[in-house]
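A short write-up of the structure that comes next.
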There are 2 protein chains.
Amino acid sequence: VFGGAIEKGWAESRTDRDGVTFAAALDAIGYRGKERCGEHPLSAFFELHIEQGPILEAEGKDIGVVTGVQAMRWYEVTLTGQDAHTGATPMGLRKNALLGAARMVDAIDAVGRKHPPGVATVGRIENRPNSPNVVPGEVFFMVDLRHPDGHALNSMESDVRAALPTICEPLGLTFSEQRIWEQPAVRFNEDCVAAVRRAAELTGYSARDIVSGAGHDAAYVSRVAPAAMIFVPCLGGISHNEAEFSSKEQCAKGAQVLLQAVLEYDRQLAERGGTTKARG
Amino acid sequence: VFGGAIEKGWAESRTDRDGVTFAAALDAIGYRGKERCGEHPLSAFFELHIEQGPILEAEGKDIGVVTGVQAMRWYEVTLTGQDAHTGATPMGLRKNALLGAARMVDAIDAVGRKHPPGVATVGRIENRPNSPNVVPGEVFFMVDLRHPDGHALNSMESDVRAALPTICEPLGLTFSEQRIWEQPAVRFNEDCVAAVRRAAELTGYSARDIVSGAGHDAAYVSRVAPAAMIFVPCLGGISHNEAEFSSKEQCAKGAQVLLQAVLEYDRQLAERGGTTKARG
């Protein structure tokens, strides 16, 4: 709501599993406030977060200088062949939808590798009828494509769409495909990113630029104020899981860089003799 | 029970979904009889069936001379990698169990094509956690291998088992695999098969030798009496489905061959001056 991505009334009317609205929950804890949402002036917004991925840990870096959030698109795909008895149907007379889906899973993985630092994944797949002695006649799967650059994401999409007929036709399969969701790329404010990078240099911690694979508050705030993020490593890249772990030392380094970045950006603001505010 | 594959007492004690035993159901319809099961003497056993596969239809043949039932083996396989965020995990740092399973599905299909007339299929697959934005950390699937020759089936099994480490290791996956069921090949009695082949010649219908992919009564009866089968084509190879269809003309040709085969075999028996009985 603050960033203008969704309407205040819609957000307030959302309910939890007990039917309590978001508005009522804010009232109950005294967090509704009096200021109109979105009118709070921000000079800039810096967000510290665990990476939720394995890159910093794998490279032994203390700090990720987050330059933006990659663009994301989701697709639903259904391949259709013909259910058949596994024992009575020779290999040459099959229309095996799972074989087509398997080749698509491999092709989609290759699309990700072809367009670094893009990523391409089939995370969900439903095989039908999913019986051990039936050649599968239909498979549904979802494709998740992401890339920091929207043009490169277009190329990834084209590659996936080109693979469908190439793989399906020789197997006697038909297919349907639909893009069901997309989110454009976010590039964080250059001055804010430079402040984070400078802060990492000042602290002496090892650092690298990184693009966030997941969405964050800063991605929305960046619509109305200069924003950037700082990542710290997490164990095995694991997140949203009880195994999620970053050490106190790793978190402290992130906090130190956050402080330095804010001070650095504030110094620049003072030099320019002004402030930046959210929504005028 | 008649063929000695299972015990009479075990069969009688099986219950349907309402708890009615097989023995009680036989009593209720007056089919229990007084003769001891397995003692009924059979000179030979001929069984007419739809093919349940697409071969006869594809080749435009009227009659399948069934020479046996292929050997079958089932396996359970689990590939284990690491759940990971699709957006935050670079391609090079993934342990994608579904990618490994996809390559196994393709490799298993290739094993079937390498060993004709064998067939190899993954009919069931469970992807975990099966969420669109999680790189799959574990996949379970079942493998169905069949071949008329047990030695060739051994080779198919070896090929599948060799593919597992070849595919899994480069992807950072571990695997477990277990054969959970097997049924040896059945070769029908040569004289009975010859009688069916001769009957097809006499009627003038087009015919070809064929191995049954599915199990049948004749496969069990063959343990205690000479047996063979006759197949007729069915639409699209579809079976155990409301779309199952063979025309009256196709069925009539099968019945004609069945009659001729019994007469032919009976003529041979008379020439040899003897009869063959089940279980002496």
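Just remember, in the structure tokens the first chain shown is A, the second B, etc., residues are 1-based per chain, and ligands are 1-based in the order shown.
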
Using only C-alpha atoms, which residues sit within 7 Å of range 59-67 of chain A once same-chain residues fewer than 2 positions away are excluded, as number ranges by chain? A: 55-57, 187-188, 193, 196-197, 205-212, 228-233, 250, 254

Can you spit out the residues from that selection as a short mmCIF file (atom, residue, chain, number, x, y, z; two decimals), in the first residue's frame, using C-alpha atoms?
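Written out: result-v8.cif:
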data_model
loop_
_atom_site.label_atom_id
_atom_site.label_comp_id
_atom_site.auth_asym_id
_atom_site.auth_seq_id
_atom_site.Cartn_x
_atom_site.Cartn_y
_atom_site.Cartn_z
CA ILE A 55 25.78 -17.62 -3.39
CA LEU A 56 27.47 -15.64 -0.57
CA GLU A 57 28.15 -18.79 1.45
CA ARG A 187 16.69 -1.76 -10.20
CA PHE A 188 17.57 -0.15 -6.90
CA VAL A 193 23.52 0.94 -3.99
CA VAL A 196 26.05 0.10 0.43
CA ARG A 197 29.06 -0.78 -1.69
CA TYR A 205 34.18 -7.08 4.86
CA SER A 206 34.28 -9.10 1.65
CA ALA A 207 31.39 -8.22 -0.66
CA ARG A 208 29.93 -8.81 -4.10
CA ASP A 209 27.06 -7.36 -6.09
CA ILE A 210 24.00 -9.59 -6.12
CA VAL A 211 20.47 -9.54 -7.52
CA SER A 212 17.69 -10.68 -5.24
CA ALA A 228 18.67 -0.59 -1.70
CA MET A 229 19.34 -3.78 0.22
CA ILE A 230 22.10 -5.61 2.04
CA PHE A 231 22.31 -9.40 2.12
CA VAL A 232 24.17 -11.58 4.61
CA PRO A 233 24.91 -15.30 4.03
CA GLN A 250 27.19 -12.73 10.03
CA GLY A 254 25.27 -6.86 8.01
#

Write out as an MDAnalysis selection string every residue belonging to chain B that has an atom at most 8 Å from any atom of chain A, counting only C-alpha atoms. chainID B and resid 51:55 84:93 98:99 101:103 105:106 109 112:113 117:125 127 130:136 142:144 146 212:214 237:239

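Superposing chain A onto chain B by least squares over all C-alpha atoms, paired in sequence order, gives an RMSD of 0.1 Å.
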
Under the rule that only C-alpha atoms are counted, which of B:Ser222, B:Ser176, B:Thr166, B:Thr78 is the nearest residue to Leu42 in chain B?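 The closest residue to Leu42 in chain B is B:Ser222.
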
Tell me which protein, DNA and RNA residues are within 12 Å of Phe22 in chain A, counting only C-alpha atoms, leaving out same-chain ones fewer than 6 positions away, and put them as a VMD selection string. chain A and resid 8 to 16 28 to 29 31 to 32

Would you mind exporting the chosen residues as a short mmCIF file (atom, residue, chain, number, x, y, z; two decimals), in the first residue's frame, restricted to all heavy atoms?
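Written out: out.cif:
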data_model
loop_
_atom_site.label_atom_id
_atom_site.label_comp_id
_atom_site.auth_asym_id
_atom_site.auth_seq_id
_atom_site.Cartn_x
_atom_site.Cartn_y
_atom_site.Cartn_z
N LYS A 8 -5.39 0.48 -0.52
CA LYS A 8 -5.52 0.41 0.94
C LYS A 8 -6.77 -0.37 1.36
O LYS A 8 -6.72 -1.22 2.25
CB LYS A 8 -5.58 1.83 1.51
CG LYS A 8 -5.62 1.90 3.03
CD LYS A 8 -5.74 3.34 3.49
CE LYS A 8 -5.89 3.43 5.00
NZ LYS A 8 -6.27 4.77 5.43
N GLY A 9 -7.89 -0.07 0.69
CA GLY A 9 -9.14 -0.73 1.07
C GLY A 9 -9.09 -2.24 0.86
O GLY A 9 -9.60 -3.02 1.68
N TRP A 10 -8.44 -2.63 -0.20
CA TRP A 10 -8.30 -4.07 -0.49
C TRP A 10 -7.47 -4.74 0.60
O TRP A 10 -7.83 -5.78 1.13
CB TRP A 10 -7.65 -4.25 -1.87
CG TRP A 10 -7.54 -5.68 -2.32
CD1 TRP A 10 -8.49 -6.39 -2.99
CD2 TRP A 10 -6.43 -6.57 -2.12
NE1 TRP A 10 -8.04 -7.68 -3.23
CE2 TRP A 10 -6.78 -7.82 -2.71
CE3 TRP A 10 -5.18 -6.44 -1.51
CZ2 TRP A 10 -5.92 -8.91 -2.70
CZ3 TRP A 10 -4.32 -7.54 -1.50
CH2 TRP A 10 -4.70 -8.76 -2.09
N ALA A 11 -6.34 -4.08 0.94
CA ALA A 11 -5.46 -4.64 1.96
C ALA A 11 -6.19 -4.75 3.30
O ALA A 11 -6.10 -5.76 3.99
CB ALA A 11 -4.20 -3.79 2.11
N GLU A 12 -6.94 -3.69 3.67
CA GLU A 12 -7.62 -3.69 4.97
C GLU A 12 -8.68 -4.78 5.07
O GLU A 12 -8.99 -5.25 6.16
CB GLU A 12 -8.27 -2.33 5.21
CG GLU A 12 -7.26 -1.23 5.51
CD GLU A 12 -7.92 0.12 5.75
OE1 GLU A 12 -9.02 0.35 5.20
OE2 GLU A 12 -7.34 0.94 6.47
N SER A 13 -9.23 -5.17 3.93
CA SER A 13 -10.33 -6.15 3.94
C SER A 13 -9.85 -7.60 3.90
O SER A 13 -10.65 -8.52 4.00
CB SER A 13 -11.27 -5.89 2.76
OG SER A 13 -10.58 -6.14 1.54
N ARG A 14 -8.53 -7.80 3.75
CA ARG A 14 -8.03 -9.20 3.75
C ARG A 14 -8.25 -9.82 5.13
O ARG A 14 -8.13 -9.15 6.14
CB ARG A 14 -6.52 -9.23 3.45
CG ARG A 14 -6.08 -8.76 2.08
CD ARG A 14 -6.80 -9.42 0.95
NE ARG A 14 -7.98 -8.61 0.61
CZ ARG A 14 -8.98 -9.05 -0.19
NH1 ARG A 14 -8.93 -10.25 -0.70
NH2 ARG A 14 -10.01 -8.27 -0.45
N THR A 15 -8.58 -11.11 5.15
CA THR A 15 -8.85 -11.79 6.41
C THR A 15 -7.88 -12.95 6.61
O THR A 15 -7.40 -13.55 5.65
CB THR A 15 -10.29 -12.36 6.43
OG1 THR A 15 -10.46 -13.18 5.27
CG2 THR A 15 -11.31 -11.25 6.41
N ASP A 16 -7.63 -13.25 7.90
CA ASP A 16 -6.82 -14.44 8.20
C ASP A 16 -7.73 -15.66 8.28
O ASP A 16 -8.92 -15.57 8.00
CB ASP A 16 -5.99 -14.23 9.48
CG ASP A 16 -6.85 -14.10 10.72
OD1 ASP A 16 -8.07 -14.39 10.66
OD2 ASP A 16 -6.30 -13.70 11.77
N ALA A 28 -6.24 -3.82 16.78
CA ALA A 28 -6.09 -4.60 18.01
C ALA A 28 -4.71 -4.41 18.64
O ALA A 28 -4.57 -4.46 19.87
CB ALA A 28 -6.35 -6.07 17.73
N ILE A 29 -3.70 -4.19 17.84
CA ILE A 29 -2.35 -4.04 18.39
C ILE A 29 -1.90 -2.58 18.41
O ILE A 29 -0.75 -2.28 18.72
CB ILE A 29 -1.32 -4.90 17.61
CG1 ILE A 29 -1.23 -4.47 16.14
CG2 ILE A 29 -1.67 -6.39 17.71
CD1 ILE A 29 -0.11 -5.15 15.35
N TYR A 31 -1.51 -0.48 15.93
CA TYR A 31 -0.57 -0.12 14.87
C TYR A 31 -1.22 0.60 13.70
O TYR A 31 -0.59 0.81 12.67
CB TYR A 31 0.16 -1.38 14.35
CG TYR A 31 1.47 -1.67 15.06
CD1 TYR A 31 1.51 -1.85 16.44
CD2 TYR A 31 2.66 -1.74 14.35
CE1 TYR A 31 2.70 -2.12 17.09
CE2 TYR A 31 3.86 -2.01 15.00
CZ TYR A 31 3.88 -2.19 16.37
OH TYR A 31 5.06 -2.46 17.02
N ARG A 32 -2.50 0.96 13.84
CA ARG A 32 -3.16 1.58 12.69
C ARG A 32 -2.61 2.98 12.45
O ARG A 32 -2.43 3.40 11.31
CB ARG A 32 -4.69 1.65 12.94
CG ARG A 32 -5.46 1.97 11.68
CD ARG A 32 -6.16 0.73 11.17
NE ARG A 32 -6.99 0.96 10.00
CZ ARG A 32 -8.30 0.76 9.97
NH1 ARG A 32 -8.94 0.40 11.07
NH2 ARG A 32 -8.98 0.93 8.86
#

Mind giving me the straight-line distance from CA of Phe2 in chain B to CA of Arg73 in chain B in Å, one decimal?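 Computing it gives 23.9 Å between the two atoms.
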
Test item, alpha helix (DSSP H) assignment across range 30-84 of chain A, answer as JSON, numbers by chain: {"A": [55, 56, 57, 58, 59]}

Dump of N, CA and C atoms for the selected residues, as a PDB file, in the first residue's frame:
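result.pdb, freshly written:
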ATOM      1  N   ILE A  55      24.657 -18.197  -2.659  1.00  0.00           N
ATOM      2  CA  ILE A  55      25.784 -17.616  -3.388  1.00  0.00           C
ATOM      3  C   ILE A  55      26.867 -17.076  -2.441  1.00  0.00           C
ATOM      4  N   LEU A  56      26.474 -16.254  -1.463  1.00  0.00           N
ATOM      5  CA  LEU A  56      27.469 -15.644  -0.568  1.00  0.00           C
ATOM      6  C   LEU A  56      28.225 -16.723   0.199  1.00  0.00           C
ATOM      7  N   GLU A  57      27.503 -17.706   0.713  1.00  0.00           N
ATOM      8  CA  GLU A  57      28.152 -18.785   1.449  1.00  0.00           C
ATOM      9  C   GLU A  57      29.131 -19.533   0.545  1.00  0.00           C
ATOM     10  N   ALA A  58      28.688 -19.841  -0.689  1.00  0.00           N
ATOM     11  CA  ALA A  58      29.537 -20.618  -1.611  1.00  0.00           C
ATOM     12  C   ALA A  58      30.809 -19.862  -1.960  1.00  0.00           C
ATOM     13  N   GLU A  59      30.717 -18.528  -2.023  1.00  0.00           N
ATOM     14  CA  GLU A  59      31.880 -17.731  -2.405  1.00  0.00           C
ATOM     15  C   GLU A  59      32.624 -17.166  -1.199  1.00  0.00           C
TER      16      GLU A  59
END

Residue with smallest distance to Val139 in chain B - pool B:Ala194, B:Ala218, B:Val77, B:Ala199, counting only C-alpha atoms: B:Val77

May I have the residues within 7 Å of range 256-271 of chain A as a PDB file with N, CA and C atoms, in the first residue's frame, using only C-alpha atoms and disregarding those fewer than 4 positions away in the same chain?
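The result, stored in selection-v5.pdb:
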ATOM      1  N   LEU A  48      18.062  -4.706   5.367  1.00  0.00           N
ATOM      2  CA  LEU A  48      19.027  -5.782   5.620  1.00  0.00           C
ATOM      3  C   LEU A  48      18.273  -7.100   5.693  1.00  0.00           C
ATOM      4  N   CYS A 192      21.923   4.836  -3.633  1.00  0.00           N
ATOM      5  CA  CYS A 192      21.764   3.962  -2.456  1.00  0.00           C
ATOM      6  C   CYS A 192      22.660   2.731  -2.573  1.00  0.00           C
ATOM      7  N   ALA A 195      26.123   3.596  -1.885  1.00  0.00           N
ATOM      8  CA  ALA A 195      26.352   3.792  -0.445  1.00  0.00           C
ATOM      9  C   ALA A 195      26.592   2.455   0.250  1.00  0.00           C
ATOM     10  N   VAL A 196      25.861   1.432  -0.159  1.00  0.00           N
ATOM     11  CA  VAL A 196      26.054   0.100   0.432  1.00  0.00           C
ATOM     12  C   VAL A 196      27.432  -0.435   0.047  1.00  0.00           C
ATOM     13  N   ALA A 199      30.040   1.330   1.969  1.00  0.00           N
ATOM     14  CA  ALA A 199      30.007   0.907   3.379  1.00  0.00           C
ATOM     15  C   ALA A 199      30.744  -0.406   3.556  1.00  0.00           C
ATOM     16  N   ALA A 200      30.547  -1.339   2.597  1.00  0.00           N
ATOM     17  CA  ALA A 200      31.239  -2.630   2.690  1.00  0.00           C
ATOM     18  C   ALA A 200      32.743  -2.429   2.601  1.00  0.00           C
ATOM     19  N   THR A 203      34.059  -1.021   5.968  1.00  0.00           N
ATOM     20  CA  THR A 203      34.123  -2.001   7.057  1.00  0.00           C
ATOM     21  C   THR A 203      35.213  -3.024   6.817  1.00  0.00           C
ATOM     22  N   ALA A 252      25.811  -9.416  12.522  1.00  0.00           N
ATOM     23  CA  ALA A 252      26.455  -8.193  13.025  1.00  0.00           C
ATOM     24  C   ALA A 252      27.187  -7.461  11.895  1.00  0.00           C
ATOM     25  N   THR A 275      17.085  16.814   0.702  1.00  0.00           N
ATOM     26  CA  THR A 275      16.579  15.507   1.097  1.00  0.00           C
ATOM     27  C   THR A 275      15.611  15.029   0.025  1.00  0.00           C
TER      28      THR A 275
END
